[in-house]
file final.pdb (PDB, C-alpha atoms, pLDDT in the B column)
MODEL        1
ATOM      1  CA  MET A   5    -181.553  13.216 -69.457  1.00 73.00           C
ATOM      2  CA  LYS A   6    -183.309  15.872 -71.546  1.00 81.00           C
ATOM      3  CA  ILE A   7    -181.262  18.137 -73.774  1.00 89.00           C
ATOM      4  CA  ASN A   8    -182.334  20.367 -76.657  1.00 92.00           C
ATOM      5  CA  CYS A   9    -180.721  20.374 -80.078  1.00 93.00           C
ATOM      6  CA  TYR A  10    -178.675  23.546 -80.600  1.00 92.00           C
ATOM      7  CA  LYS A  11    -180.011  23.978 -84.120  1.00 94.00           C
ATOM      8  CA  CYS A  12    -183.757  23.234 -84.042  1.00 94.00           C
ATOM      9  CA  ASP A  13    -184.398  23.177 -80.270  1.00 92.00           C
ATOM     10  CA  THR A  14    -185.961  19.710 -80.442  1.00 92.00           C
ATOM     11  CA  GLU A  15    -185.941  17.988 -77.065  1.00 92.00           C
ATOM     12  CA  LEU A  16    -183.604  14.991 -77.112  1.00 90.00           C
ATOM     13  CA  LYS A  17    -184.009  12.253 -74.510  1.00 88.00           C
ATOM     14  CA  PHE A  18    -181.118   9.993 -73.552  1.00 83.00           C
ATOM     15  CA  GLU A  19    -180.296   7.728 -70.655  1.00 83.00           C
ATOM     16  CA  GLU A  20    -178.053   9.355 -68.036  1.00 77.00           C
ATOM     17  CA  HIS A  21    -174.751   7.715 -69.077  1.00 79.00           C
ATOM     18  CA  TYR A  22    -175.435   7.297 -72.799  1.00 83.00           C
ATOM     19  CA  ASN A  23    -172.216   7.658 -74.790  1.00 86.00           C
ATOM     20  CA  ILE A  24    -172.813  10.010 -77.732  1.00 89.00           C
ATOM     21  CA  MET A  25    -171.201   8.603 -80.846  1.00 91.00           C
ATOM     22  CA  ARG A  26    -169.625  10.717 -83.564  1.00 92.00           C
ATOM     23  CA  SER A  27    -172.339   9.636 -86.014  1.00 93.00           C
ATOM     24  CA  ASP A  28    -175.301  10.539 -83.740  1.00 94.00           C
ATOM     25  CA  GLU A  29    -177.614  13.180 -85.202  1.00 95.00           C
ATOM     26  CA  CYS A  30    -180.735  15.067 -84.215  1.00 95.00           C
ATOM     27  CA  PRO A  31    -183.715  13.049 -85.492  1.00 95.00           C
ATOM     28  CA  LYS A  32    -185.467  16.200 -86.728  1.00 96.00           C
ATOM     29  CA  CYS A  33    -182.806  18.403 -88.371  1.00 96.00           C
ATOM     30  CA  TYR A  34    -179.924  15.892 -88.652  1.00 95.00           C
ATOM     31  CA  ALA A  35    -177.460  18.211 -86.901  1.00 96.00           C
ATOM     32  CA  SER A  36    -174.474  16.427 -85.407  1.00 95.00           C
ATOM     33  CA  LEU A  37    -174.782  15.843 -81.658  1.00 94.00           C
ATOM     34  CA  ARG A  38    -171.090  15.182 -80.961  1.00 95.00           C
ATOM     35  CA  CYS A  39    -169.984  18.690 -81.773  1.00 95.00           C
ATOM     36  CA  CYS A  40    -168.787  21.693 -79.766  1.00 95.00           C
ATOM     37  CA  ARG A  41    -172.223  23.314 -79.783  1.00 94.00           C
ATOM     38  CA  MET A  42    -173.622  20.321 -77.838  1.00 94.00           C
ATOM     39  CA  CYS A  43    -170.819  20.217 -75.257  1.00 94.00           C
ATOM     40  CA  ILE A  44    -171.062  21.656 -71.739  1.00 92.00           C
ATOM     41  CA  PHE A  45    -167.682  23.347 -72.248  1.00 93.00           C
ATOM     42  CA  TYR A  46    -168.891  25.343 -75.269  1.00 93.00           C
ATOM     43  CA  ASP A  47    -168.973  29.050 -74.449  1.00 91.00           C
ATOM     44  CA  LYS A  48    -169.033  31.620 -77.224  1.00 89.00           C
ATOM     45  CA  HIS A  49    -167.468  34.183 -74.884  1.00 89.00           C
ATOM     46  CA  SER A  50    -164.413  32.061 -73.966  1.00 89.00           C
ATOM     47  CA  TYR A  51    -161.100  31.810 -75.790  1.00 90.00           C
ATOM     48  CA  ASN A  52    -161.605  29.464 -78.794  1.00 91.00           C
ATOM     49  CA  GLU A  53    -165.250  29.282 -77.662  1.00 92.00           C
ATOM     50  CA  CYS A  54    -164.334  26.545 -75.146  1.00 93.00           C
ATOM     51  CA  ARG A  55    -164.022  26.687 -71.353  1.00 93.00           C
ATOM     52  CA  GLU A  56    -161.647  23.704 -71.379  1.00 92.00           C
ATOM     53  CA  PRO A  57    -158.211  25.410 -71.597  1.00 91.00           C
ATOM     54  CA  THR A  58    -156.267  22.384 -72.864  1.00 92.00           C
ATOM     55  CA  ALA A  59    -158.685  21.342 -75.620  1.00 92.00           C
ATOM     56  CA  GLU A  60    -157.515  21.533 -79.222  1.00 91.00           C
ATOM     57  CA  ARG A  61    -158.858  24.443 -81.241  1.00 92.00           C
ATOM     58  CA  LEU A  62    -161.693  23.375 -83.514  1.00 93.00           C
ATOM     59  CA  VAL A  63    -162.818  25.874 -86.108  1.00 93.00           C
ATOM     60  CA  ASP A  64    -166.169  24.358 -87.094  1.00 95.00           C
ATOM     61  CA  LYS A  65    -168.185  24.170 -83.853  1.00 95.00           C
ATOM     62  CA  GLU A  66    -171.121  22.443 -85.554  1.00 95.00           C
ATOM     63  CA  LYS A  67    -169.165  19.561 -87.095  1.00 95.00           C
ATOM     64  CA  ALA A  68    -168.748  16.163 -85.410  1.00 95.00           C
ATOM     65  CA  ASN A  69    -165.332  15.791 -83.774  1.00 94.00           C
ATOM     66  CA  PHE A  70    -163.139  13.549 -81.630  1.00 93.00           C
ATOM     67  CA  CYS A  71    -162.443  15.984 -78.769  1.00 94.00           C
ATOM     68  CA  ASP A  72    -161.223  14.130 -75.662  1.00 93.00           C
ATOM     69  CA  PHE A  73    -162.940  16.643 -73.369  1.00 94.00           C
ATOM     70  CA  TYR A  74    -166.402  16.403 -74.969  1.00 93.00           C
ATOM     71  CA  LYS A  75    -169.211  16.170 -72.431  1.00 92.00           C
ATOM     72  CA  PHE A  76    -172.757  16.018 -73.781  1.00 90.00           C
ATOM     73  CA  GLY A  77    -174.924  18.775 -72.382  1.00 85.00           C
ATOM     74  CA  ASN A  78    -176.487  22.140 -73.014  1.00 71.00           C
ATOM     75  CA  GLN A  79    -175.021  25.577 -72.500  1.00 58.00           C
ATOM     76  CA  ASN A  80    -178.442  26.582 -71.170  1.00 53.00           C
ATOM     77  CA  GLU A  81    -178.162  24.107 -68.286  1.00 52.00           C
ATOM     78  CA  GLN A  82    -174.788  25.532 -67.346  1.00 50.00           C
ATOM     79  CA  SER A  83    -176.040  29.105 -67.611  1.00 51.00           C
ATOM     80  CA  GLN A  84    -179.066  28.303 -65.452  1.00 52.00           C
ATOM     81  CA  ALA A  85    -176.886  26.688 -62.767  1.00 55.00           C
ATOM     82  CA  LYS A  86    -174.555  29.698 -62.857  1.00 59.00           C
ATOM     83  CA  ASP A  87    -177.486  32.109 -62.549  1.00 60.00           C
ATOM     84  CA  ASP A  88    -178.921  30.115 -59.633  1.00 63.00           C
ATOM     85  CA  ALA A  89    -175.580  30.157 -57.809  1.00 67.00           C
ATOM     86  CA  LEU A  90    -175.203  33.905 -58.380  1.00 70.00           C
ATOM     87  CA  ALA A  91    -178.736  34.556 -57.106  1.00 74.00           C
ATOM     88  CA  ALA A  92    -178.026  32.476 -53.975  1.00 75.00           C
ATOM     89  CA  ALA A  93    -174.794  34.389 -53.337  1.00 76.00           C
ATOM     90  CA  ASN A  94    -176.539  37.737 -53.826  1.00 77.00           C
ATOM     91  CA  ALA A  95    -179.324  36.690 -51.425  1.00 81.00           C
ATOM     92  CA  LEU A  96    -176.736  35.639 -48.853  1.00 79.00           C
ATOM     93  CA  PHE A  97    -174.861  38.954 -48.919  1.00 81.00           C
ATOM     94  CA  LYS A  98    -177.880  41.187 -49.461  1.00 74.00           C
ATOM     95  CA  LYS A  99    -178.074  44.140 -47.091  1.00 53.00           C
TER      96      LYS A  99
ENDMDL
END
call {"tool": "encode", "arguments": {"input": "final.pdb", "output": "structure tokens"}}
result
Amino acid sequence: MKINCYKCDTELKFEEHYNIMRSDECPKCYASLRCCRMCIFYDKHSYNECREPTAERLVDKEKANFCDFYKFGNQNEQSQAKDDALAAANALFKK
């Protein structure tokens, strides 16, 4: 699995089911990896900047946390998948 650090954009490589620990950091900039900014549910346009409606509100999105809903991933991956799905739907219904 290849994911980029939210802070320095360094490519991080992990095995598919690697469990990110609270103490894990980016090897280049030492940013915390188990934080909201590195979660697939992070969305700056959503309420509390999280697409998981039952998650606790966390003020510091760049600080390591113990969120039960945390899922390691990039917002960019989610955005790309969303864009691909929208493009497929538009192609399907195109006149």
call {"tool": "residues_around", "arguments": {"input": "final.pdb", "residues": "Asn52 (chain A)", "least_positions_apart": "2", "cutoff": "7 Å", "atoms": "only C-alpha atoms", "output": "short mmCIF file (atom, residue, chain, number, x, y, z; two decimals) with C-alpha atoms, in the frame of the given file"}}
result
data_model
loop_
_atom_site.label_atom_id
_atom_site.label_comp_id
_atom_site.auth_asym_id
_atom_site.auth_seq_id
_atom_site.Cartn_x
_atom_site.Cartn_y
_atom_site.Cartn_z
CA SER A 50 -164.41 32.06 -73.97
CA CYS A 54 -164.33 26.54 -75.15
CA ARG A 61 -158.86 24.44 -81.24
#
call {"tool": "resolve_selection", "arguments": {"input": "final.pdb", "expression": "the PyMOL selection byres ((chain A and resi 39-46) around 6)", "output": "PyMOL selection string"}}
result
chain A and resi 37-38+47+53-55+65-69+74-79
call {"tool": "residues_near_point", "arguments": {"input": "final.pdb", "point": "(-159.8, 18.3, -66.9)", "cutoff": "10 Å", "atoms": "all atoms listed in the file", "output": "PyMOL selection string"}}
result
chain A and resi 56-59+72-73
call {"tool": "atom_distance", "arguments": {"input": "final.pdb", "atom1": "CA of Ala91 (chain A)", "atom2": "CA of Ile7 (chain A)"}}
result
23.5 Å
call {"tool": "atom_distance", "arguments": {"input": "final.pdb", "atom1": "CA of Ala35 (chain A)", "atom2": "CA of Lys17 (chain A)"}}
result
15.2 Å
call {"tool": "closest_residue", "arguments": {"input": "final.pdb", "among": "A:Tyr22, A:Phe70, A:Cys30, A:Phe97", "to": "Tyr10 (chain A)", "atoms": "only C-alpha atoms"}}
result
A:Cys30
call {"tool": "atom_distance", "arguments": {"input": "final.pdb", "atom1": "CA of Ala93 (chain A)", "atom2": "CA of Glu20 (chain A)"}}
result
29.2 Å
call {"tool": "residues_around", "arguments": {"input": "final.pdb", "residues": "Lys32 (chain A)", "least_positions_apart": "3", "cutoff": "9 Å", "atoms": "all atoms listed in the file", "output": "compact mmCIF listing (two decimals) with C-alpha atoms, in the frame of the given file"}}
result
# COMPACT_ATOMS: atom_id res chain seq x y z
CA CYS A 12 -183.76 23.23 -84.04
CA THR A 14 -185.96 19.71 -80.44
CA GLU A 29 -177.61 13.18 -85.20
CA ALA A 35 -177.46 18.21 -86.90
call {"tool": "closest_residue", "arguments": {"input": "final.pdb", "among": "A:Ala95, A:Leu90, A:Asp28, A:Glu60", "to": "Leu16 (chain A)", "atoms": "all atoms listed in the file"}}
result
A:Asp28
call {"tool": "closest_residue", "arguments": {"input": "final.pdb", "among": "A:Cys71, A:Ala92, A:Lys48, A:Lys6", "to": "Met25 (chain A)", "atoms": "all atoms listed in the file"}}
result
A:Cys71
call {"tool": "decode", "arguments": {"input": "final.pdb", "residues": "region 53-82 of chain A", "atoms": "C-alpha atoms", "output": "PDB file, in the first residue's frame"}}
result
ATOM      1  CA  GLU A  53     -14.051  17.587   9.190  1.00  0.00           C
ATOM      2  CA  CYS A  54     -15.016  13.887   9.391  1.00  0.00           C
ATOM      3  CA  ARG A  55     -17.345  11.824   7.195  1.00  0.00           C
ATOM      4  CA  GLU A  56     -17.933   9.355  10.041  1.00  0.00           C
ATOM      5  CA  PRO A  57     -21.049  10.818  11.747  1.00  0.00           C
ATOM      6  CA  THR A  58     -20.632   9.033  15.091  1.00  0.00           C
ATOM      7  CA  ALA A  59     -16.937   9.801  15.622  1.00  0.00           C
ATOM      8  CA  GLU A  60     -15.947  12.003  18.546  1.00  0.00           C
ATOM      9  CA  ARG A  61     -15.000  15.567  17.682  1.00  0.00           C
ATOM     10  CA  LEU A  62     -11.243  16.044  17.647  1.00  0.00           C
ATOM     11  CA  VAL A  63      -9.987  19.598  17.455  1.00  0.00           C
ATOM     12  CA  ASP A  64      -6.362  18.978  16.469  1.00  0.00           C
ATOM     13  CA  LYS A  65      -6.527  17.000  13.204  1.00  0.00           C
ATOM     14  CA  GLU A  66      -2.744  16.610  13.025  1.00  0.00           C
ATOM     15  CA  LYS A  67      -2.245  15.100  16.485  1.00  0.00           C
ATOM     16  CA  ALA A  68      -2.130  11.343  17.145  1.00  0.00           C
ATOM     17  CA  ASN A  69      -5.414  10.043  18.562  1.00  0.00           C
ATOM     18  CA  PHE A  70      -7.325   6.940  19.635  1.00  0.00           C
ATOM     19  CA  CYS A  71     -10.337   7.282  17.311  1.00  0.00           C
ATOM     20  CA  ASP A  72     -12.192   3.961  16.979  1.00  0.00           C
ATOM     21  CA  PHE A  73     -13.129   4.734  13.367  1.00  0.00           C
ATOM     22  CA  TYR A  74      -9.591   5.513  12.154  1.00  0.00           C
ATOM     23  CA  LYS A  75      -8.769   3.915   8.813  1.00  0.00           C
ATOM     24  CA  PHE A  76      -5.337   4.625   7.352  1.00  0.00           C
ATOM     25  CA  GLY A  77      -5.553   6.118   3.890  1.00  0.00           C
ATOM     26  CA  ASN A  78      -5.366   9.263   1.831  1.00  0.00           C
ATOM     27  CA  GLN A  79      -8.084  11.759   1.050  1.00  0.00           C
ATOM     28  CA  ASN A  80      -6.640  11.877  -2.468  1.00  0.00           C
ATOM     29  CA  GLU A  81      -7.430   8.192  -3.028  1.00  0.00           C
ATOM     30  CA  GLN A  82     -11.012   8.762  -1.961  1.00  0.00           C
TER      31      GLN A  82
END
